[in-house]
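Worksheet: the structure to be examined is printed underneath.
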Amino acid sequence: MYKTLLMVYSWLLLIMGILGAIPGIGLGTEPIWHAVLKIILGLIGILVTFRKEKS
C-alpha cells in the first residue's frame, strides 16, 4: 500500500512541478528552483516505486 501512496504523491509532485515551471500557466507563483525540485523529487519517487526489492 505504501508504494501506491508514494506513486500517487510522486505523480502529483511531478505534475505540480511541470505546471509551475511553465511560465504561461498562471496557476501559481513559485520560484523556478522550487518547480525543478518538485520535478526531481517526483521522478525519484516514481523510480523508487518501480524498483524491485531484493529478496
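Following the order of the C-alpha cells, first chain is A, next is B, and so on, with residues numbered from 1 inside each chain and ligands from 1 in the order they appear.
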
Close residues, range 44-46 of chain A itself excluded, 10 Å, only C-alpha atoms, min 4 positions apart in chain, as a PyMOL selection string: chain A and resi 3+6-11+13-14+38-40+50-51

Glu30 in chain A environment, 9 Å, only C-alpha atoms, sequence neighbours closer than 5 positions dropped, as a count of residues only: 3

Please measure the separation of CA of Tyr2 in chain A and CA of Leu37 in chain A, giving the value in Å to one decimal. 22.1 Å

So which residues of chain A fall under helix (DSSP H, G or I) by DSSP, listed as a ChimeraX atom specification? /A:2-21,32-50
